[in-house]
Amino acid sequence: VTNSPVASFTTSNVVQISYNFDGNYTNTSGNSPFASNAGTSFVSDRNGNANSALNINNSGTIASISGLPYGNSPRSFSVWVKLNTMNATANYPFHYGTCTNGNGLLLKSNQAYYFANGTQNIAPTTSHTVATWYHYVCTFDGTTAKIYKNGTLLSSGPVTWNTTNTVSPNANSFKLGMSEDSFLNYFNGALDDLKIFDYVITNADITSLYTNNTLASEDFNAATLKVTLYPNPTKERFTIATDAE
């Protein structure tokens, strides 16, 4: 916001949950680690930075993440994926929820599935080559699911989803490289920059995540935007409230 009597600053949407996998299993807040095992390691990311992506060799890994979107609430997922080998049946970057009421991404050599169960899916045709990084974004607004690849919309469609929290192995289990049944040997590849949002990100956000790994900033009309900062005065913490989101 420009011309503020207090300070000048810009605003942007905030990532709900983010994993950079830069040599560690935790999220960027240092919480909710994915489990390390004999099949997980760190490898170079899409930009050639050493130990900056998570490699999963048919083992899978799970984290208990609070704040995941459940029911039919809005959500967005952003993740970079590189397959080391192509499993002819299916390759699972991520999944959470139960087997019958979950949410996940599944890749095949010529398809990508953003799915909940055996019937409520969108599955556009698209090719995948091993040893190649792809950026995927999956969104759901409560009625419509969309899947994007490398910043471009692949498919959208109406779905009825009711994502249910897990009991086993833990509540809020979020799985990488594992099927909806928690089966292993369905993903041999690398994942990077996993981001989870509890709202549907914009097309500008999706493009910016693909090109810059950041969300797009918002432009506001300074003449009409109403902003309140409180308490005032304050030494360390303050709240910003706006009429518009």
# chains A, B, ... in the order shown; residues from 1 in each chain; ligands from 1
$ residues_around --residues "His95 (chain A)" --least-positions-apart "2" --cutoff "12 Å" --atoms "only C-alpha atoms" --output "ChimeraX atom specification"
/A:60-63,68,77,91-93,97-106,113-117,138,163-166,172-183
$ residues_around --residues "region 238-243 of chain A" --least-positions-apart "2" --cutoff "7 Å" --atoms "only C-alpha atoms" --output "number ranges by chain"
A: 226-231, 234, 236, 245
$ residues_around --residues "Tyr199 (chain A)" --least-positions-apart "6" --cutoff "12 Å" --atoms "only C-alpha atoms" --output "PyMOL selection string"
chain A and resi 13-17+67-70+72-77+138-142+205+245
$ select_by_dssp --residues "region 10-229 of chain A" --states "strand (DSSP E)" --output "VMD selection string"
chain A and resid 17 to 19 40 to 43 53 to 57 61 to 64 75 to 83 91 to 97 102 to 107 112 to 115 121 to 122 133 to 140 144 to 149 152 to 158 173 to 176 188 to 197 227 to 229
$ closest_residue --among "A:Val200, A:Leu184, A:Ile147, A:Val137" --to "Ser59 (chain A)" --atoms "only C-alpha atoms"
A:Leu184
$ closest_residue --among "A:Ile65, A:Val167, A:Ile122, A:Ala50" --to "Ile196 (chain A)" --atoms "only C-alpha atoms"
A:Ile65
$ closest_residue --among "A:Lys146, A:Lys82, A:Arg237, A:Lys108" --to "Asn188 (chain A)" --atoms "only C-alpha atoms"
A:Lys82
$ closest_residue --among "A:Ser168, A:Asn58, A:Asn110, A:Asn213" --to "Asp192 (chain A)" --atoms "only C-alpha atoms"
A:Asn213
$ closest_residue --among "A:Tyr134, A:Phe94, A:Gly151, A:Leu194" --to "Asp22 (chain A)" --atoms "only C-alpha atoms"
A:Leu194
$ closest_residue --among "A:Val43, A:Val159, A:Asn87, A:Val79" --to "Gly118 (chain A)" --atoms "only C-alpha atoms"
A:Val159
$ residues_around --residues "Thr26 (chain A)" --least-positions-apart "4" --cutoff "12 Å" --atoms "only C-alpha atoms" --output "MDAnalysis selection string"
chainID A and resid 17:22 30:36 54 62:65 193:194
$ atom_distance --atom1 "CA of Thr28 (chain A)" --atom2 "CA of Leu83 (chain A)"
24.2 Å
$ select_by_dssp --residues "region 96-223 of chain A" --states "helix (DSSP H, G or I)" --output "PyMOL selection string"
chain A and resi 203-212
$ write_last_selection --atoms "N, CA and C atoms" --output "PDB file, in the first residue's frame"
ATOM      1  N   ASN A 203      -4.977 -17.520 -11.444  1.00  0.00           N
ATOM      2  CA  ASN A 203      -4.166 -17.870 -12.609  1.00  0.00           C
ATOM      3  C   ASN A 203      -2.827 -17.152 -12.580  1.00  0.00           C
ATOM      4  N   ALA A 204      -2.838 -15.910 -12.102  1.00  0.00           N
ATOM      5  CA  ALA A 204      -1.576 -15.165 -11.981  1.00  0.00           C
ATOM      6  C   ALA A 204      -0.654 -15.832 -10.977  1.00  0.00           C
ATOM      7  N   ASP A 205      -1.236 -16.344  -9.881  1.00  0.00           N
ATOM      8  CA  ASP A 205      -0.438 -17.070  -8.887  1.00  0.00           C
ATOM      9  C   ASP A 205       0.186 -18.319  -9.505  1.00  0.00           C
ATOM     10  N   ILE A 206      -0.609 -19.042 -10.286  1.00  0.00           N
ATOM     11  CA  ILE A 206      -0.119 -20.284 -10.896  1.00  0.00           C
ATOM     12  C   ILE A 206       1.027 -20.007 -11.849  1.00  0.00           C
ATOM     13  N   THR A 207       0.886 -18.965 -12.665  1.00  0.00           N
ATOM     14  CA  THR A 207       1.965 -18.582 -13.574  1.00  0.00           C
ATOM     15  C   THR A 207       3.208 -18.171 -12.805  1.00  0.00           C
ATOM     16  N   SER A 208       3.007 -17.411 -11.728  1.00  0.00           N
ATOM     17  CA  SER A 208       4.148 -16.940 -10.947  1.00  0.00           C
ATOM     18  C   SER A 208       4.840 -18.082 -10.211  1.00  0.00           C
ATOM     19  N   LEU A 209       4.068 -19.051  -9.721  1.00  0.00           N
ATOM     20  CA  LEU A 209       4.672 -20.212  -9.075  1.00  0.00           C
ATOM     21  C   LEU A 209       5.519 -21.007 -10.063  1.00  0.00           C
ATOM     22  N   TYR A 210       5.046 -21.121 -11.291  1.00  0.00           N
ATOM     23  CA  TYR A 210       5.792 -21.854 -12.316  1.00  0.00           C
ATOM     24  C   TYR A 210       7.073 -21.125 -12.713  1.00  0.00           C
ATOM     25  N   THR A 211       7.004 -19.817 -12.843  1.00  0.00           N
ATOM     26  CA  THR A 211       8.159 -19.064 -13.328  1.00  0.00           C
ATOM     27  C   THR A 211       9.091 -18.591 -12.218  1.00  0.00           C
ATOM     28  N   ASN A 212       8.506 -18.274 -11.037  1.00  0.00           N
ATOM     29  CA  ASN A 212       9.309 -17.649  -9.975  1.00  0.00           C
ATOM     30  C   ASN A 212       9.250 -18.369  -8.638  1.00  0.00           C
TER      31      ASN A 212
END
$ decode --residues "region 107-228 of chain A" --atoms "C-alpha atoms" --output "JSON list (two decimals), in the first residue's frame"
[["chain", "number", "residue", "atom", "x", "y", "z"],
["A", 107, "LEU", "CA", 0.63, -39.55, -13.16],
["A", 108, "LYS", "CA", 0.83, -42.02, -16.02],
["A", 109, "SER", "CA", 2.94, -41.93, -19.16],
["A", 110, "ASN", "CA", 0.11, -40.24, -21.07],
["A", 111, "GLN", "CA", -2.28, -38.94, -18.38],
["A", 112, "ALA", "CA", -2.51, -36.91, -15.19],
["A", 113, "TYR", "CA", -5.23, -37.60, -12.60],
["A", 114, "TYR", "CA", -6.45, -35.17, -9.96],
["A", 115, "PHE", "CA", -8.64, -37.57, -8.07],
["A", 116, "ALA", "CA", -10.70, -38.44, -5.01],
["A", 117, "ASN", "CA", -11.81, -42.02, -5.69],
["A", 118, "GLY", "CA", -12.59, -44.33, -8.57],
["A", 119, "THR", "CA", -15.27, -42.11, -10.12],
["A", 120, "GLN", "CA", -14.77, -38.49, -9.05],
["A", 121, "ASN", "CA", -11.67, -37.58, -11.04],
["A", 122, "ILE", "CA", -10.41, -35.36, -13.81],
["A", 123, "ALA", "CA", -7.86, -37.11, -16.02],
["A", 124, "PRO", "CA", -6.55, -35.12, -18.98],
["A", 125, "THR", "CA", -4.24, -36.62, -21.56],
["A", 126, "THR", "CA", -0.67, -35.35, -21.24],
["A", 127, "SER", "CA", 2.75, -36.91, -21.75],
["A", 128, "HIS", "CA", 5.49, -37.46, -19.17],
["A", 129, "THR", "CA", 9.15, -38.17, -19.82],
["A", 130, "VAL", "CA", 11.47, -39.56, -17.15],
["A", 131, "ALA", "CA", 14.24, -37.30, -15.82],
["A", 132, "THR", "CA", 12.14, -34.21, -16.68],
["A", 133, "TRP", "CA", 10.75, -31.74, -14.16],
["A", 134, "TYR", "CA", 7.07, -30.79, -14.40],
["A", 135, "HIS", "CA", 5.14, -28.25, -12.35],
["A", 136, "TYR", "CA", 1.62, -29.28, -11.31],
["A", 137, "VAL", "CA", -1.09, -27.22, -9.65],
["A", 138, "CYS", "CA", -4.38, -28.81, -8.56],
["A", 139, "THR", "CA", -7.31, -26.68, -7.35],
["A", 140, "PHE", "CA", -10.82, -27.33, -6.05],
["A", 141, "ASP", "CA", -13.35, -24.61, -5.19],
["A", 142, "GLY", "CA", -16.02, -26.86, -3.69],
["A", 143, "THR", "CA", -17.67, -27.81, -6.98],
["A", 144, "THR", "CA", -15.03, -27.71, -9.74],
["A", 145, "ALA", "CA", -11.61, -29.32, -9.89],
["A", 146, "LYS", "CA", -8.81, -28.03, -12.13],
["A", 147, "ILE", "CA", -5.36, -29.31, -12.97],
["A", 148, "TYR", "CA", -2.52, -27.24, -14.43],
["A", 149, "LYS", "CA", 0.80, -28.36, -15.89],
["A", 150, "ASN", "CA", 3.71, -25.94, -16.34],
["A", 151, "GLY", "CA", 1.39, -22.97, -15.85],
["A", 152, "THR", "CA", -1.23, -24.11, -18.38],
["A", 153, "LEU", "CA", -4.72, -25.41, -17.60],
["A", 154, "LEU", "CA", -5.01, -29.04, -18.70],
["A", 155, "SER", "CA", -8.56, -29.79, -17.62],
["A", 156, "SER", "CA", -11.42, -28.76, -15.35],
["A", 157, "GLY", "CA", -14.68, -30.43, -14.41],
["A", 158, "PRO", "CA", -17.46, -30.67, -11.83],
["A", 159, "VAL", "CA", -16.79, -33.13, -9.00],
["A", 160, "THR", "CA", -18.35, -34.05, -5.67],
["A", 161, "TRP", "CA", -15.64, -34.42, -3.05],
["A", 162, "ASN", "CA", -15.82, -34.92, 0.71],
["A", 163, "THR", "CA", -12.23, -35.37, 1.85],
["A", 164, "THR", "CA", -12.09, -37.24, 5.17],
["A", 165, "ASN", "CA", -9.39, -37.04, 7.81],
["A", 166, "THR", "CA", -7.29, -40.14, 8.41],
["A", 167, "VAL", "CA", -7.00, -42.28, 11.52],
["A", 168, "SER", "CA", -4.04, -44.46, 10.50],
["A", 169, "PRO", "CA", -1.12, -44.13, 10.68],
["A", 170, "ASN", "CA", -1.92, -40.68, 12.12],
["A", 171, "ALA", "CA", -4.55, -38.01, 11.85],
["A", 172, "ASN", "CA", -3.86, -35.50, 9.07],
["A", 173, "SER", "CA", -1.57, -37.94, 7.26],
["A", 174, "PHE", "CA", -0.20, -36.46, 4.03],
["A", 175, "LYS", "CA", 1.57, -39.03, 1.85],
["A", 176, "LEU", "CA", 4.27, -38.53, -0.77],
["A", 177, "GLY", "CA", 5.03, -41.31, -3.25],
["A", 178, "MET", "CA", 2.31, -43.64, -1.91],
["A", 179, "SER", "CA", -1.04, -44.76, -3.30],
["A", 180, "GLU", "CA", -4.38, -43.94, -1.72],
["A", 181, "ASP", "CA", -4.15, -47.37, -0.07],
["A", 182, "SER", "CA", -0.67, -46.49, 1.26],
["A", 183, "PHE", "CA", 0.90, -49.03, -1.12],
["A", 184, "LEU", "CA", 4.58, -48.55, -1.92],
["A", 185, "ASN", "CA", 6.51, -49.07, -5.18],
["A", 186, "TYR", "CA", 4.33, -46.58, -7.06],
["A", 187, "PHE", "CA", 6.73, -43.65, -7.19],
["A", 188, "ASN", "CA", 10.43, -43.47, -8.00],
["A", 189, "GLY", "CA", 11.28, -39.82, -8.52],
["A", 190, "ALA", "CA", 11.86, -36.43, -6.96],
["A", 191, "LEU", "CA", 9.50, -33.81, -5.53],
["A", 192, "ASP", "CA", 10.17, -30.17, -4.76],
["A", 193, "ASP", "CA", 8.51, -26.99, -3.50],
["A", 194, "LEU", "CA", 5.28, -28.52, -2.23],
["A", 195, "LYS", "CA", 2.78, -25.80, -1.31],
["A", 196, "ILE", "CA", -0.69, -26.31, 0.15],
["A", 197, "PHE", "CA", -3.34, -23.56, 0.31],
["A", 198, "ASP", "CA", -6.80, -23.51, 1.87],
["A", 199, "TYR", "CA", -8.19, -21.41, -0.97],
["A", 200, "VAL", "CA", -8.09, -21.43, -4.77],
["A", 201, "ILE", "CA", -5.08, -19.53, -6.03],
["A", 202, "THR", "CA", -5.42, -17.29, -9.09],
["A", 203, "ASN", "CA", -4.17, -17.87, -12.61],
["A", 204, "ALA", "CA", -1.58, -15.16, -11.98],
["A", 205, "ASP", "CA", -0.44, -17.07, -8.89],
["A", 206, "ILE", "CA", -0.12, -20.28, -10.90],
["A", 207, "THR", "CA", 1.96, -18.58, -13.57],
["A", 208, "SER", "CA", 4.15, -16.94, -10.95],
["A", 209, "LEU", "CA", 4.67, -20.21, -9.07],
["A", 210, "TYR", "CA", 5.79, -21.85, -12.32],
["A", 211, "THR", "CA", 8.16, -19.06, -13.33],
["A", 212, "ASN", "CA", 9.31, -17.65, -9.98],
["A", 213, "ASN", "CA", 8.20, -20.11, -7.26],
["A", 214, "THR", "CA", 6.29, -17.25, -5.61],
["A", 215, "LEU", "CA", 2.70, -16.08, -5.57],
["A", 216, "ALA", "CA", 1.76, -13.04, -7.63],
["A", 217, "SER", "CA", 1.45, -9.79, -5.69],
["A", 218, "GLU", "CA", -1.85, -7.96, -5.72],
["A", 219, "ASP", "CA", -2.32, -4.48, -7.16],
["A", 220, "PHE", "CA", -4.80, -2.26, -5.35],
["A", 221, "ASN", "CA", -6.45, 1.04, -6.10],
["A", 222, "ALA", "CA", -5.06, 3.29, -3.38],
["A", 223, "ALA", "CA", -7.97, 5.70, -3.78],
["A", 224, "THR", "CA", -10.63, 3.13, -2.84],
["A", 225, "LEU", "CA", -8.81, 0.61, -0.66],
["A", 226, "LYS", "CA", -9.68, 0.95, 3.02],
["A", 227, "VAL", "CA", -7.00, -0.31, 5.38],
["A", 228, "THR", "CA", -6.96, -0.25, 9.16]]
